[in-house]
Amino acid sequence: MFGKHVKRDLSAYAHGELSAEGAERVAAHLGGCAACRAEFEEVKTGIRLVESLPQTKAPDALWEAVEAGLAKEAWRGERSSGRLVRRPLPRLALSWRRAAAFASVLLLAGAGWFYYRSTRPAWEVARIDAAGVGERGSLRVGDWLETDTDERARVEVANIGQVEVGPNTRLRLVETRLTEHRLELRRGTLSARIYAPPRLFFVDTPSAVAADLGCAYTLEVDDAGRGLLHVTSGWVALEAAGRESVVPAGAACLTKPGAGPGTPFFVDAPDELLSALSRLDFEAGGPEALEAALASARPRDTLTLWHLLSRVGEPERARVYERLAAISPPPEGITREQILSLDRDALVAWKDDLEGAWTTESLPGLRRTLRKLLQ
Amino acid sequence: MEQVVAMVETGKAEAVIEACKLGDRDAFRLLFERHKDRVYSVALYFFGGDEALAGDVTQQVFLKLFTRISQYQGEAEFTTWLYRLTTNACIDEQRKRRRFLQFGDGDDEGGGAGEIFEHRSMDEALARGELSRSVGQAVATLKPKLRVVMLLKYFEELSYEEIASVLGCSKGTVASRLNRGHKILARKLGHLRGPSVRASER
């Protein structure tokens with residue numbers, strides 16, 4: 001639990017109305033509080049519902065009614081004293097030439113308004129080379145951004161955070177609107193720091209989608225489309241091929257095309273665990289790989305074990321359950337049968353219970369570990 | 001006419017307003033065209049799809065705007081004033097008709113109103129499917145104070161500060177009313193959620 005509940009601030013948070021500090025506080029709290037997260041899902045549902053209401057057009061006849069009303073007022077005004085600006089209203093001349101000119105004025109005004117409504121905001125981009133900040137520009141929906149070997153860039157993500165783009169990177173802005181901001185990272189590295197509601201900012205990679213849950217993280221994609229996500233604060237969810245991995249601060253997760261996200265692990269986990277996971281996730285490793293993983297898991301690695309529950313078959317699942325329960329028994333009311341049958345509510349309840357041990361800031365020396373893994 | 005064209009090109013709202021103060025009917029028309037859809041949308045959804053009533057209220061709003069325009073000295077944003085007129089007109093009309101309305105009458109959770117959105121010009125909305133119709137109905141059952149805040153946020157796209165300034169209340173009040181409104185809608189209509197943004201379903 002991170003401090004006080006934030007239920008009162010959830011709409012303001014969703015609308016970007018909190019200060020940066022306020023938004024960070026809410027994001028951090030949401031990462032650790034299931035009750036507020038549930039309430040936040042409700043608020044977001046409400047927002048999406050009311051946003052779906054279409055603008056309607058006022059009926060054409062309305063102006064005549066207003067004009068008639070105006071004429072009546074003018075007449076009344078001239079007859080009484082001091083009620084209106086006492087100037088006679090100029091009569092609308094009825095020559096068709098004037099009417100045509102007026103029509104084109106209306107067209108201009110109308111078109112201007114329509115353009116304003118359909119223009120998407122652009123994200124500001126600042127390119128940075130060895131000499132410092134260089135060219136500034138805009139990234140609009142559909143635009144690609146590419147950096148060279150000696151170039152980086154900083155992108156302002158609407159009004160909800162920043163993305164640092166590394167060298168040799170290729171990315172595209174897919175969507176930006178109130179309930180969804182989405183980038184596609186084709187290749188390279190980006191680091192994101194987002195002060196925003198969960199599931200508002202997404203990054204598509206060739207092998208999985210990273211859904212921001214209020215956090216800071218680094219995402220790398222190599223030329224083969226394999227990805228590495230490392231979270232430095234908050235949470236990120238990785239999704240693809242029907243699999244989901246939820247990755248907290250200090251943890252990382254590999255993704256491979258076709259296979260989707262692997263099992264998340266803490267970056268300081270033992271090598272034996274990491275290599276066993278690699279076999280399990282991407283090489284169809286069997287019971288022997290699983291035993292190696294279970295044996296090398298430390299108490300903190302319940303993050304990994306919990307994810308494994310839904311990724312292994314039935315006989316293996318019982319082994320994972322035993323190991324996990326030995327470290328941290330399921331909470332009151334959650335049974336072994338529920339977990340083994342992958343009852344969603346039971347799984348989530350156990351995860352909420354385990355989360356307390358997962359949240360911490362990232363540790364030094366991780367770059368080396370991560371480099372090893374991508375080989 | 002050239003004067004009005006020039007106003008459009010430079011986009012100076014002040015020039016249009018000044019012309020309105022001088023009684024320039026073309027300038028009135030311009031202001032009307034620019035804002036009529038938004039005022040109408042707010043009124044329409046406020047009154048649960050009643051086109052006739054929405055048209056009446058919209059007409060009242062613009063009449064008031066034009067007849068009082070001499071009093072507008074530019075101390076507040078023009079649009080703040082327009083929205084204030086709109087919300088006051090809606091709430092006043094609501095009070096007058098209190099005995100005739102079957103819904104949204106003082107409680108947060110009004111009863112499920114019948115088929116309110118039955119009119120031809122809502123065809124567009126209906127074509128979007130069941131969702132918009134139900135949402136419109138649900139919005140119309142909210143207490144007027146909640147309703148008004150929701151409509152200002154989503155049709156006029158105002159910030160919390162702007163809404164607070166229109167309604168003469170605090171930002172905190174705006175935030176808490178929006179919160180209540182969102183949750184009530186979610187609870188009433190959660191099962192009718194629109195397209196999900198979950199990536200795994202794309």
# chains A, B, ... in the order shown; residues from 1 in each chain; ligands from 1
call {"tool": "residues_around", "arguments": {"residues": "stretch 18-20 of chain B", "least_positions_apart": "4", "cutoff": "9 Å", "atoms": "only C-alpha atoms", "output": "list in words"}}
result
Val4, Ala13, Glu14, Asp24, Arg25, Asp26, Ala27, Phe28, Leu31, Phe66, Ile69 and Ser70 of chain B
call {"tool": "select_by_dssp", "arguments": {"residues": "stretch 123-296 of chain A", "states": "alpha helix (DSSP H)", "output": "PyMOL selection string"}}
result
chain A and resi 271-282+287-296
call {"tool": "residues_around", "arguments": {"residues": "B:Arg147", "least_positions_apart": "6", "cutoff": "12 Å", "atoms": "only C-alpha atoms", "output": "JSON, numbers by chain"}}
result
{"A": [50], "B": [42, 43, 44, 45, 46, 47, 48, 87, 90, 91, 94, 104, 105, 106, 107, 108, 109, 136, 137, 138, 139, 140, 141, 153, 154, 155, 174, 177, 178, 179, 180, 181, 182, 184, 185]}
call {"tool": "atom_distance", "arguments": {"atom1": "atom CA of A:Ser138", "atom2": "atom CA of A:Glu21"}}
result
26.3 Å
call {"tool": "atom_distance", "arguments": {"atom1": "atom CA of A:Leu273", "atom2": "atom CA of A:Gln338"}}
result
26.5 Å
call {"tool": "atom_distance", "arguments": {"atom1": "atom CA of B:Arg187", "atom2": "atom CA of A:Leu30"}}
result
20.5 Å
call {"tool": "residues_around", "arguments": {"residues": "A:Glu332", "least_positions_apart": "2", "cutoff": "10 Å", "atoms": "only C-alpha atoms", "output": "list in words"}}
result
Pro329, Pro330, Ile334, Thr335, Ala349 and Trp350 of chain A
call {"tool": "closest_residue", "arguments": {"among": "B:Leu146, B:Ala89, B:Val39, B:Leu167", "to": "chain A", "atoms": "only C-alpha atoms"}}
result
B:Val39
call {"tool": "residues_around", "arguments": {"residues": "B:Leu82", "least_positions_apart": "2", "cutoff": "12 Å", "atoms": "only C-alpha atoms", "output": "compact mmCIF listing (two decimals) with C-alpha atoms, in the first residue's frame"}}
result
# COMPACT_ATOMS: atom_id res chain seq x y z
CA LEU B 31 -21.09 33.66 -33.92
CA PHE B 32 -24.20 31.55 -34.05
CA ARG B 34 -19.59 28.83 -34.80
CA HIS B 35 -21.16 27.75 -31.53
CA LYS B 36 -24.62 26.42 -32.30
CA ARG B 38 -22.06 22.59 -29.21
CA VAL B 39 -24.81 24.46 -27.40
CA THR B 58 -30.57 26.83 -27.83
CA GLN B 60 -33.05 31.17 -25.77
CA VAL B 61 -29.30 30.98 -25.19
CA PHE B 62 -28.44 32.81 -28.38
CA LEU B 63 -31.14 35.41 -27.92
CA LYS B 64 -29.85 36.17 -24.47
CA LEU B 65 -26.32 36.26 -25.83
CA PHE B 66 -27.15 38.75 -28.53
CA ARG B 68 -26.86 41.19 -23.65
CA ILE B 69 -23.76 41.39 -25.75
CA TYR B 72 -19.86 41.87 -22.29
CA ALA B 76 -14.00 36.75 -18.80
CA GLU B 77 -13.45 34.44 -21.75
CA PHE B 78 -16.31 34.87 -24.16
CA THR B 79 -16.84 31.15 -24.28
CA THR B 80 -17.02 30.97 -20.47
CA ARG B 84 -22.61 29.79 -18.38
CA LEU B 85 -25.65 30.98 -20.32
CA THR B 86 -26.11 27.47 -21.69
CA THR B 87 -25.91 25.69 -18.36
CA ASN B 88 -28.16 28.22 -16.64
CA ALA B 89 -30.71 27.94 -19.41
CA LEU B 152 -19.32 20.72 -20.26
CA GLU B 156 -17.37 21.79 -24.70
CA GLU B 162 -12.77 26.51 -17.02
CA ILE B 163 -15.72 24.44 -15.84
CA SER B 165 -15.25 29.28 -13.70
CA VAL B 166 -18.44 28.69 -15.71
CA LEU B 167 -20.30 27.18 -12.78
call {"tool": "decode", "arguments": {"residues": "stretch 204-237 of chain A", "atoms": "N, CA, C and O atoms", "output": "compact mmCIF listing (two decimals), in the first residue's frame"}}
result
# COMPACT_ATOMS: atom_id res chain seq x y z
N ASP A 204 3.80 -0.82 -29.18
CA ASP A 204 3.74 -2.06 -29.95
C ASP A 204 5.15 -2.43 -30.37
O ASP A 204 5.88 -1.60 -30.91
N THR A 205 5.54 -3.69 -30.14
CA THR A 205 6.81 -4.16 -30.68
C THR A 205 6.49 -5.37 -31.55
O THR A 205 5.39 -5.90 -31.47
N PRO A 206 7.46 -5.83 -32.36
CA PRO A 206 7.15 -6.96 -33.23
C PRO A 206 6.75 -8.22 -32.46
O PRO A 206 6.13 -9.11 -33.02
N SER A 207 7.09 -8.30 -31.18
CA SER A 207 6.76 -9.54 -30.48
C SER A 207 5.82 -9.39 -29.31
O SER A 207 5.40 -10.37 -28.73
N ALA A 208 5.48 -8.17 -28.92
CA ALA A 208 4.51 -7.99 -27.82
C ALA A 208 4.14 -6.53 -27.72
O ALA A 208 4.80 -5.66 -28.28
N VAL A 209 3.09 -6.25 -26.97
CA VAL A 209 2.69 -4.86 -26.72
C VAL A 209 2.96 -4.55 -25.25
O VAL A 209 2.57 -5.33 -24.37
N ALA A 210 3.65 -3.45 -25.01
CA ALA A 210 3.89 -3.02 -23.64
C ALA A 210 2.81 -2.02 -23.25
O ALA A 210 2.65 -0.98 -23.88
N ALA A 211 2.04 -2.36 -22.25
CA ALA A 211 1.00 -1.45 -21.77
C ALA A 211 1.48 -0.81 -20.49
O ALA A 211 1.71 -1.49 -19.49
N ASP A 212 1.62 0.48 -20.52
CA ASP A 212 2.08 1.19 -19.35
C ASP A 212 1.03 1.15 -18.25
O ASP A 212 -0.14 1.38 -18.49
N LEU A 213 1.46 0.86 -17.04
CA LEU A 213 0.53 0.86 -15.92
C LEU A 213 0.88 1.96 -14.94
O LEU A 213 0.51 1.92 -13.79
N GLY A 214 1.61 2.97 -15.41
CA GLY A 214 2.01 4.08 -14.54
C GLY A 214 3.43 3.89 -14.09
O GLY A 214 3.67 3.30 -13.06
N CYS A 215 4.43 4.33 -14.89
CA CYS A 215 5.78 3.90 -14.55
C CYS A 215 6.87 4.52 -15.40
O CYS A 215 6.62 5.42 -16.19
N ALA A 216 8.07 3.98 -15.19
CA ALA A 216 9.22 4.30 -16.03
C ALA A 216 9.85 2.99 -16.46
O ALA A 216 10.00 2.08 -15.65
N TYR A 217 10.24 2.89 -17.72
CA TYR A 217 10.82 1.64 -18.17
C TYR A 217 11.66 1.85 -19.41
O TYR A 217 11.59 2.90 -20.05
N THR A 218 12.42 0.81 -19.75
CA THR A 218 13.22 0.81 -20.98
C THR A 218 12.80 -0.37 -21.82
O THR A 218 12.56 -1.47 -21.28
N LEU A 219 12.68 -0.15 -23.10
CA LEU A 219 12.26 -1.20 -24.02
C LEU A 219 13.25 -1.25 -25.16
O LEU A 219 13.56 -0.23 -25.76
N GLU A 220 13.79 -2.44 -25.43
CA GLU A 220 14.73 -2.59 -26.53
C GLU A 220 14.23 -3.63 -27.49
O GLU A 220 13.80 -4.70 -27.06
N VAL A 221 14.33 -3.37 -28.77
CA VAL A 221 13.94 -4.34 -29.77
C VAL A 221 15.12 -4.53 -30.73
O VAL A 221 15.65 -3.54 -31.23
N ASP A 222 15.50 -5.80 -30.99
CA ASP A 222 16.62 -5.99 -31.92
C ASP A 222 16.08 -6.24 -33.33
O ASP A 222 14.87 -6.23 -33.57
N ASP A 223 16.99 -6.44 -34.27
CA ASP A 223 16.57 -6.55 -35.67
C ASP A 223 15.71 -7.78 -35.92
O ASP A 223 14.98 -7.83 -36.91
N ALA A 224 15.79 -8.77 -35.06
CA ALA A 224 14.98 -9.96 -35.27
C ALA A 224 13.60 -9.81 -34.65
O ALA A 224 12.80 -10.73 -34.67
N GLY A 225 13.36 -8.64 -34.03
CA GLY A 225 12.05 -8.43 -33.44
C GLY A 225 11.95 -8.92 -32.00
O GLY A 225 10.90 -8.87 -31.38
N ARG A 226 13.08 -9.42 -31.45
CA ARG A 226 13.03 -9.83 -30.06
C ARG A 226 13.11 -8.60 -29.18
O ARG A 226 13.76 -7.62 -29.53
N GLY A 227 12.44 -8.65 -28.03
CA GLY A 227 12.41 -7.47 -27.18
C GLY A 227 12.85 -7.76 -25.77
O GLY A 227 12.83 -8.90 -25.30
N LEU A 228 13.30 -6.69 -25.12
CA LEU A 228 13.63 -6.77 -23.70
C LEU A 228 13.01 -5.57 -23.03
O LEU A 228 13.27 -4.43 -23.38
N LEU A 229 12.17 -5.84 -22.03
CA LEU A 229 11.57 -4.77 -21.27
C LEU A 229 12.18 -4.76 -19.89
O LEU A 229 12.28 -5.80 -19.24
N HIS A 230 12.61 -3.60 -19.45
CA HIS A 230 13.12 -3.48 -18.09
C HIS A 230 12.41 -2.33 -17.40
O HIS A 230 12.42 -1.20 -17.90
N VAL A 231 11.79 -2.61 -16.28
CA VAL A 231 10.99 -1.59 -15.61
C VAL A 231 11.77 -1.00 -14.45
O VAL A 231 12.30 -1.74 -13.61
N THR A 232 11.85 0.31 -14.40
CA THR A 232 12.60 0.94 -13.32
C THR A 232 11.71 1.53 -12.24
O THR A 232 12.14 1.77 -11.13
N SER A 233 10.45 1.81 -12.55
CA SER A 233 9.51 2.17 -11.49
C SER A 233 8.10 1.95 -11.99
O SER A 233 7.82 2.06 -13.17
N GLY A 234 7.22 1.61 -11.05
CA GLY A 234 5.84 1.35 -11.45
C GLY A 234 5.69 -0.04 -12.03
O GLY A 234 6.36 -0.97 -11.63
N TRP A 235 4.78 -0.18 -12.99
CA TRP A 235 4.45 -1.47 -13.57
C TRP A 235 4.26 -1.34 -15.07
O TRP A 235 3.80 -0.32 -15.56
N VAL A 236 4.56 -2.43 -15.78
CA VAL A 236 4.22 -2.48 -17.21
C VAL A 236 3.64 -3.85 -17.49
O VAL A 236 4.10 -4.84 -16.92
N ALA A 237 2.64 -3.90 -18.32
CA ALA A 237 2.10 -5.19 -18.74
C ALA A 237 2.55 -5.45 -20.18
O ALA A 237 2.50 -4.56 -21.03
